[in-house]
Amino acid sequence: MVATMEKHIFTVTKNAALAPNVYEMQLEGPGCAARVPGQFVNIALDGLYLRRPISVCNYDGRTLTLLYKVVGQGTRQMAALGPGRTLELLTQLGNGFSLDVPGRHMLLVGGGIGTAPLYWLARELKARGREVSVVLGFNTAAEIFYTEAFRPHSDRVLVATMDGTAGTRGFVTDAISRQGLSFDYFYACGPTPMLRAVSQALSQPGQLSLEARMGCGFGICMGCSLPMADGTSKRVCKEGPVFRKEELAW
Amino acid sequence: MVTTRTHISLAGIPLDNPVIPASGTFGFGAEMAQVYDLDILGSISIKGTTRHPRYGNPLPRIAEGPGGVLNSVGLQNPGVEKVISEELPRLRRLFHKPIIANISGFSVDDYAWACERMDGEEQVGIIEVNVSCPNVHDGGMAFGTQPESAAAVTRAVKAVTTKPVFVKLSPNVTDIVSIALACQEAGADGLTLVNTLLGMRIDLQRRQPVLANKVGGYSGPAIFPIALRMVWQVAQACSLPIMGCGGVATAEDVIEMMMAGATAVQVGAENLRNPLACKQIIEDLPQAMDRLRIDRLADIIGAVR
C-alpha cells in the first residue's frame with residue numbers, strides 16, 4: 001500500500017473525555033485521512049513548532065476518530081478544542097497494518113492509549129470474516145475505555161489491569177495465557193515494554209505498531225530511524241509505524 | 001514558475017531562484033517529489049554523506065523548543081558509494097538541475113575521499129563541506145570550530161575537485177569571521193552559514209535528557225536572528241558568496257538573509273513542519289519583492305552594510 005501524504009484542514013465535530021486524561025476527538029475534512037488501519041495523522045498546533053503524530057482510531061471516509069492521552073503541551077491544547085475548531089493535518093502517513101495475513105483467528109493486543117489503532121483494524125478484520133479476540137491492558141479499572149466499542153467488531157474482549165480492579169490482574173500477556181487463548185496471528189500496539197513482552201511471549205507471527213519521537217512524520221529527517229533485526233534501519237514514520245515481529249531487533 | 005527577477009548566480013552556477021532545501025531536511029529528494037515538482041527549487045542540498053554508511057545516534061533523536069527543533073540524528077546516511085549508485089540516479093529523474101552534495105567526515109582523508117567521489121558526478125554542481133555537525137564525536141563540528149582545521153579540510157577537498165566548494169560552518173564558535181577567513185584563504189569558493197546551534201532539553205518526569213545523545217543541534221525560526229547576524233558579520237569581512245541558512249520560513253526571511261549578504265538561502269527545519277515550505281516561499285517571493293519594491297533579487301545581496 002503506497003499512500004501519498006496530503007495536507008488538509010479538518011474541523012472538530014466532537015471532543016470528549018473517555019477516561020482520566022484520555023479523549024476521543026472526531027473530525028471531518030475535505031480529504032482522505034487514512035487508507036488503512038494503523039496509519040497516523042500529524043497535527044499542527046498553535047505555538048508548537050513540531051506537529052503531533054496521532055494514530056487513526058477510525059475512519060469511514062467521512063468522520064476521522066482520534067483517541068489521545070494528554071501527556072504534554074500538544075495534547076493539552078487538543079483537549080481544549082471544542083466543536084467547530086479547525087486543525088491542519090498531514091494525512092495518510094505511515095504504512096498501516098497489513099490485513100493480508102494467514103490464519104482464521106486474529107488476536108488484537110492493546111495497552112492503554114495504544115488501543116486506538118486496533119479499533120478500525122478489528123472492524124476491518126471482522127468484516128473480512130475473521131475471528132477476532134481483543135485483549136486490552138490498563139493500569140486500573142477507572143482508566144478503562146473503548147472495551148464496549150470493540151464488542152460489535154470482535155468475538156471476545158478481555159481486559160487486564162495492573163491492580164486487578166477489572167479483568168485479569170497483571171499484564172496483557174497474563175490475560176492471554178490465563179484465558180488459554182488460541183489464535184493464529186496477532187496485532188499489538190502499546191508502550192514499548194508491553195510490545196517487547198508480547199513479542200517474546202507469543203510464538204505466533206504478528207505485527208506491532210511502534211511509536212517514536214518524530215521530526216517530520218513523512219520520512220525526510222531520519223529522526224525516528226530504528227535499527228532492525230537484519231542490520232538495516234527503518235523509519236517508524238515511513239516504513240512503519242507497523243512492523244512484522246521478525247523485523248524488530250528485540 | 002521561472003522569472004528572471006529571482007535569478008541569481010551562485011559561484012558561477014545560475015539558479016532560477018535562491019531557495020534551496022538544507023541538507024538533512026529533504027532526504028535525497030524522493031519523498032518530497034511526491035509532494036511537489038522539485039524543479040521549482042533553485043537547487044537541493046542532499047542529505048549529508050560520509051565515506052562509510054552510518055546509522056547515526058540512538059533514539060530518541062528529536063526534541064522540541066520554542067520556535068525550533070532539536071535533533072541528534074548524527075549523519076545517518078548509506079555511505080558515498082550507495083548515494084552515488086542509488087540516490088543520485090533516482091534524484092536525477094526527479095530534479096533536472098545541478099545539486100549540492102553535502103559531505104562530512106571524521107578525518108581530513110574522509111572528506112577528501114567523499115569529495116573526490118562526488119567530483120565525478122555530473123549532476124553535482126557544488127560540494128558543500130560540512131565541518132559543523134554537532135552530533136558526531138571526533139569529527140563534524142570538531143573541524144569547524146578552529147580556523148586551522150577548517151582550512152586543512154578546505155585545502156584537502158579543493159585538491160581533489162574542480163567543482164565549487166562551499167564550507168558549511170558552525171555557529172557554535174566565538175568568532176565565526178576568523179574561521180570564514182581561514183576557509184577563504186584555503187581556497188573555498190563559498191560558505192554556508194550556519195549549521196545548527198548546540199542545545200539540550202530535559203524530560204522533567206524522567207530527570208533525563210530528552211535526547212539519547214543528551215545534546216543536539218537546534219534549528220528553526222528561533223535561530224534566525226543568530227544566523228542572520230553571522231551571515232552579515234561574515235559578509236562584511238569576506239568576499240566569498242554565502243548560502244544563508246538558519247530558521248528561514250518565509251519569503252521575507254529569504255529577502256532578509258540576502259540583504260544581510262547571502263547570495264542563496266537554504267530552508268531547513270521548516271520543511272519538517274510544513275512539507276510545502278519551499279514551494280510556498282518560492283511562490284510568495286514575487287509578491288514580497290513587489291511590496292518591498294525589489295526589482296531583481298540579485299540587486300539586494302549584501303545591501304545592508
# chains A, B, ... in the order shown; residues from 1 in each chain; ligands from 1
>>> residues_around(residues="range 87-98 of chain A", least_positions_apart="3", cutoff="6 Å", atoms="only C-alpha atoms", output="list in words")
Met5, Glu6, Lys7, His8, Ile9, Phe10, Ala33, Ala34, Val36, Pro37, Gly38, Gln39, Phe40, Val41, Asn42, Ile43, Ala44, Cys237, Lys238, Gly240, Pro241 and Val242 of chain A
>>> select_by_dssp(residues="range 88-228 of chain B", states="strand (DSSP E)", output="VMD selection string")
chain B and resid 99 to 103 124 to 130 165 to 169 190 to 193 197 to 199 202 to 203 208 to 209 216 to 219
>>> write_last_selection(atoms="C-alpha atoms", output="CSV table (one decimal), in the first residue's frame")
chain,number,residue,atom,x,y,z
B,99,ILE,CA,22.5,19.6,-6.9
B,100,ILE,CA,24.6,20.4,-3.9
B,101,ALA,CA,26.4,17.3,-2.4
B,102,ASN,CA,26.8,17.7,1.3
B,103,ILE,CA,29.9,15.9,2.6
B,124,VAL,CA,26.7,17.7,-8.6
B,125,GLY,CA,27.1,21.4,-9.1
B,126,ILE,CA,28.5,22.3,-5.8
B,127,ILE,CA,30.2,20.4,-3.0
B,128,GLU,CA,29.2,21.5,0.5
B,129,VAL,CA,31.7,20.5,3.1
B,130,ASN,CA,30.0,20.1,6.5
B,165,VAL,CA,33.4,24.1,-2.7
B,166,PHE,CA,31.2,25.7,-0.1
B,167,VAL,CA,32.3,25.1,3.5
B,168,LYS,CA,29.3,24.9,6.0
B,169,LEU,CA,30.3,26.5,9.2
B,190,GLY,CA,31.8,29.9,-0.8
B,191,LEU,CA,30.4,29.4,2.6
B,192,THR,CA,27.2,28.0,4.0
B,193,LEU,CA,26.2,29.9,7.2
B,197,LEU,CA,23.2,25.5,17.4
B,198,LEU,CA,24.1,23.0,20.1
B,199,GLY,CA,21.2,22.6,22.5
B,202,ILE,CA,15.4,17.6,29.8
B,203,ASP,CA,12.4,15.3,30.4
B,208,GLN,CA,17.0,12.7,32.0
B,209,PRO,CA,17.9,14.4,28.7
B,216,GLY,CA,21.7,18.0,19.7
B,217,GLY,CA,21.5,20.7,17.1
B,218,TYR,CA,18.8,23.4,17.4
B,219,SER,CA,17.2,24.8,14.3
>>> residues_around(residues="range 172-185 of chain B", least_positions_apart="6", cutoff="9 Å", atoms="only C-alpha atoms", output="ChimeraX atom specification")
/B:132,134,141,144-148,150-155,191,195-198,230,233-235,237-240
>>> write_last_selection(atoms="N, CA, C and O atoms", output="JSON list (two decimals), in the first residue's frame")
[["chain", "number", "residue", "atom", "x", "y", "z"],
["B", 132, "SER", "N", 30.61, 21.09, 10.53],
["B", 132, "SER", "CA", 29.85, 21.72, 11.61],
["B", 132, "SER", "C", 28.75, 20.87, 12.20],
["B", 132, "SER", "O", 27.88, 21.38, 12.89],
["B", 134, "PRO", "N", 27.02, 18.99, 14.89],
["B", 134, "PRO", "CA", 27.26, 18.91, 16.32],
["B", 134, "PRO", "C", 26.99, 17.54, 16.90],
["B", 134, "PRO", "O", 27.19, 17.32, 18.09],
["B", 141, "MET", "N", 31.77, 18.77, 13.70],
["B", 141, "MET", "CA", 31.98, 20.12, 14.21],
["B", 141, "MET", "C", 33.41, 20.35, 14.68],
["B", 141, "MET", "O", 33.88, 21.48, 14.70],
["B", 144, "GLY", "N", 35.24, 22.33, 12.37],
["B", 144, "GLY", "CA", 34.73, 23.66, 12.01],
["B", 144, "GLY", "C", 34.83, 24.68, 13.11],
["B", 144, "GLY", "O", 34.37, 25.81, 12.94],
["B", 145, "THR", "N", 35.40, 24.31, 14.24],
["B", 145, "THR", "CA", 35.44, 25.26, 15.35],
["B", 145, "THR", "C", 36.84, 25.88, 15.52],
["B", 145, "THR", "O", 37.04, 26.68, 16.42],
["B", 146, "GLN", "N", 37.79, 25.47, 14.69],
["B", 146, "GLN", "CA", 39.13, 26.06, 14.72],
["B", 146, "GLN", "C", 39.51, 26.49, 13.29],
["B", 146, "GLN", "O", 39.31, 25.71, 12.35],
["B", 147, "PRO", "N", 40.06, 27.68, 13.13],
["B", 147, "PRO", "CA", 40.44, 28.14, 11.77],
["B", 147, "PRO", "C", 41.40, 27.18, 11.09],
["B", 147, "PRO", "O", 41.25, 26.90, 9.89],
["B", 148, "GLU", "N", 42.36, 26.62, 11.84],
["B", 148, "GLU", "CA", 43.39, 25.78, 11.22],
["B", 148, "GLU", "C", 42.80, 24.50, 10.65],
["B", 148, "GLU", "O", 43.11, 24.10, 9.52],
["B", 150, "ALA", "N", 39.60, 23.87, 9.91],
["B", 150, "ALA", "CA", 38.66, 24.19, 8.83],
["B", 150, "ALA", "C", 39.44, 24.44, 7.54],
["B", 150, "ALA", "O", 39.03, 23.99, 6.45],
["B", 151, "ALA", "N", 40.55, 25.12, 7.66],
["B", 151, "ALA", "CA", 41.39, 25.39, 6.48],
["B", 151, "ALA", "C", 42.00, 24.10, 5.94],
["B", 151, "ALA", "O", 42.09, 23.91, 4.72],
["B", 152, "ALA", "N", 42.39, 23.21, 6.84],
["B", 152, "ALA", "CA", 43.01, 21.95, 6.41],
["B", 152, "ALA", "C", 42.02, 21.12, 5.60],
["B", 152, "ALA", "O", 42.37, 20.55, 4.56],
["B", 153, "VAL", "N", 40.78, 21.03, 6.06],
["B", 153, "VAL", "CA", 39.76, 20.30, 5.32],
["B", 153, "VAL", "C", 39.51, 20.97, 3.98],
["B", 153, "VAL", "O", 39.42, 20.32, 2.93],
["B", 154, "THR", "N", 39.41, 22.30, 3.99],
["B", 154, "THR", "CA", 39.17, 23.05, 2.75],
["B", 154, "THR", "C", 40.26, 22.75, 1.71],
["B", 154, "THR", "O", 39.96, 22.46, 0.54],
["B", 155, "ARG", "N", 41.51, 22.83, 2.14],
["B", 155, "ARG", "CA", 42.63, 22.57, 1.22],
["B", 155, "ARG", "C", 42.55, 21.14, 0.66],
["B", 155, "ARG", "O", 42.76, 20.92, -0.53],
["B", 191, "LEU", "N", 30.67, 29.86, 1.27],
["B", 191, "LEU", "CA", 30.40, 29.42, 2.64],
["B", 191, "LEU", "C", 28.91, 29.19, 2.81],
["B", 191, "LEU", "O", 28.09, 29.91, 2.21],
["B", 195, "ASN", "N", 25.17, 26.03, 10.39],
["B", 195, "ASN", "CA", 24.61, 24.75, 10.84],
["B", 195, "ASN", "C", 23.81, 25.01, 12.13],
["B", 195, "ASN", "O", 23.59, 26.14, 12.53],
["B", 196, "THR", "N", 23.39, 23.93, 12.80],
["B", 196, "THR", "CA", 22.54, 24.07, 13.99],
["B", 196, "THR", "C", 23.33, 24.54, 15.21],
["B", 196, "THR", "O", 24.55, 24.36, 15.29],
["B", 197, "LEU", "N", 22.60, 25.12, 16.16],
["B", 197, "LEU", "CA", 23.20, 25.51, 17.44],
["B", 197, "LEU", "C", 23.07, 24.37, 18.43],
["B", 197, "LEU", "O", 22.01, 23.74, 18.54],
["B", 198, "LEU", "N", 24.14, 24.12, 19.16],
["B", 198, "LEU", "CA", 24.13, 23.04, 20.15],
["B", 198, "LEU", "C", 23.12, 23.37, 21.25],
["B", 198, "LEU", "O", 23.14, 24.47, 21.82],
["B", 230, "MET", "N", 25.29, 36.24, 11.78],
["B", 230, "MET", "CA", 26.56, 35.64, 11.36],
["B", 230, "MET", "C", 26.78, 35.81, 9.87],
["B", 230, "MET", "O", 27.90, 36.06, 9.42],
["B", 233, "GLN", "N", 27.90, 39.42, 9.54],
["B", 233, "GLN", "CA", 29.28, 39.63, 10.01],
["B", 233, "GLN", "C", 30.29, 39.10, 9.01],
["B", 233, "GLN", "O", 31.28, 39.77, 8.70],
["B", 234, "VAL", "N", 30.05, 37.89, 8.51],
["B", 234, "VAL", "CA", 31.00, 37.28, 7.57],
["B", 234, "VAL", "C", 31.00, 38.05, 6.25],
["B", 234, "VAL", "O", 32.05, 38.27, 5.64],
["B", 235, "ALA", "N", 29.81, 38.48, 5.82],
["B", 235, "ALA", "CA", 29.73, 39.22, 4.55],
["B", 235, "ALA", "C", 30.53, 40.51, 4.60],
["B", 235, "ALA", "O", 31.06, 40.97, 3.57],
["B", 237, "ALA", "N", 33.35, 40.89, 6.13],
["B", 237, "ALA", "CA", 34.79, 40.63, 6.22],
["B", 237, "ALA", "C", 35.33, 39.77, 5.09],
["B", 237, "ALA", "O", 36.54, 39.69, 4.87],
["B", 238, "CYS", "N", 34.43, 39.12, 4.36],
["B", 238, "CYS", "CA", 34.80, 38.03, 3.46],
["B", 238, "CYS", "C", 34.25, 38.35, 2.07],
["B", 238, "CYS", "O", 33.17, 38.93, 1.97],
["B", 239, "SER", "N", 34.94, 37.94, 1.02],
["B", 239, "SER", "CA", 34.42, 38.22, -0.33],
["B", 239, "SER", "C", 33.71, 37.02, -0.95],
["B", 239, "SER", "O", 33.21, 37.09, -2.06],
["B", 240, "LEU", "N", 33.64, 35.89, -0.22],
["B", 240, "LEU", "CA", 33.04, 34.67, -0.79],
["B", 240, "LEU", "C", 31.51, 34.77, -0.83],
["B", 240, "LEU", "O", 30.90, 35.38, 0.05]]
>>> interface_residues(of="chain B", to="chain A", cutoff="7 Å", atoms="only C-alpha atoms", output="ChimeraX atom specification")
/B:24-27,31,59-62,64,66-68,73,272-273
>>> write_last_selection(atoms="C-alpha atoms", output="PDB file, in the first residue's frame")
ATOM      1  CA  GLY B  24      19.240  16.788   6.335  1.00  0.00           C
ATOM      2  CA  THR B  25      15.763  18.262   5.940  1.00  0.00           C
ATOM      3  CA  PHE B  26      14.934  16.908   2.496  1.00  0.00           C
ATOM      4  CA  GLY B  27      16.397  13.405   2.403  1.00  0.00           C
ATOM      5  CA  GLU B  31       9.906  11.564  -0.627  1.00  0.00           C
ATOM      6  CA  LEU B  59      16.611   7.168  19.569  1.00  0.00           C
ATOM      7  CA  PRO B  60      15.157   9.488  20.712  1.00  0.00           C
ATOM      8  CA  ARG B  61      16.800  11.866  18.278  1.00  0.00           C
ATOM      9  CA  ILE B  62      14.185  14.607  18.248  1.00  0.00           C
ATOM     10  CA  GLU B  64      11.293  20.496  20.544  1.00  0.00           C
ATOM     11  CA  PRO B  66      10.075  27.351  21.342  1.00  0.00           C
ATOM     12  CA  GLY B  67      10.220  28.011  17.612  1.00  0.00           C
ATOM     13  CA  GLY B  68      12.501  25.166  16.736  1.00  0.00           C
ATOM     14  CA  VAL B  73      20.327  12.275  14.097  1.00  0.00           C
ATOM     15  CA  LEU B 272       9.837  19.198   8.597  1.00  0.00           C
ATOM     16  CA  ARG B 273       6.771  21.006   9.921  1.00  0.00           C
TER      17      ARG B 273
END
>>> select_by_dssp(residues="range 40-169 of chain A", states="alpha helix (DSSP H)", output="count of residues only")
23
>>> closest_atom_pairs(of="range 144-225 of chain A", to="range 56-76 of chain A", cutoff="12 Å", atoms="only C-alpha atoms", output="JSON lines")
{"residue": "A:Phe145", "atom": "CA", "partner": "A:Leu67", "partner_atom": "CA", "distance": 10.0}
{"residue": "A:Tyr146", "atom": "CA", "partner": "A:Leu67", "partner_atom": "CA", "distance": 9.7}
{"residue": "A:Ala149", "atom": "CA", "partner": "A:Asn58", "partner_atom": "CA", "distance": 11.3}
{"residue": "A:Phe150", "atom": "CA", "partner": "A:Cys57", "partner_atom": "CA", "distance": 11.5}
{"residue": "A:Cys189", "atom": "CA", "partner": "A:Cys57", "partner_atom": "CA", "distance": 11.7}
{"residue": "A:Ser209", "atom": "CA", "partner": "A:Val56", "partner_atom": "CA", "distance": 11.9}
>>> closest_residue(among="A:Pro193, A:Gly110, A:Gly206, A:Pro152", to="Val135 in chain A", atoms="only C-alpha atoms")
A:Gly110
>>> atom_distance(atom1="CA of Gly170 in chain A", atom2="CA of Gly137 in chain A")
8.4 Å
>>> atom_distance(atom1="CA of Pro53 in chain A", atom2="CA of His153 in chain A")
25.7 Å
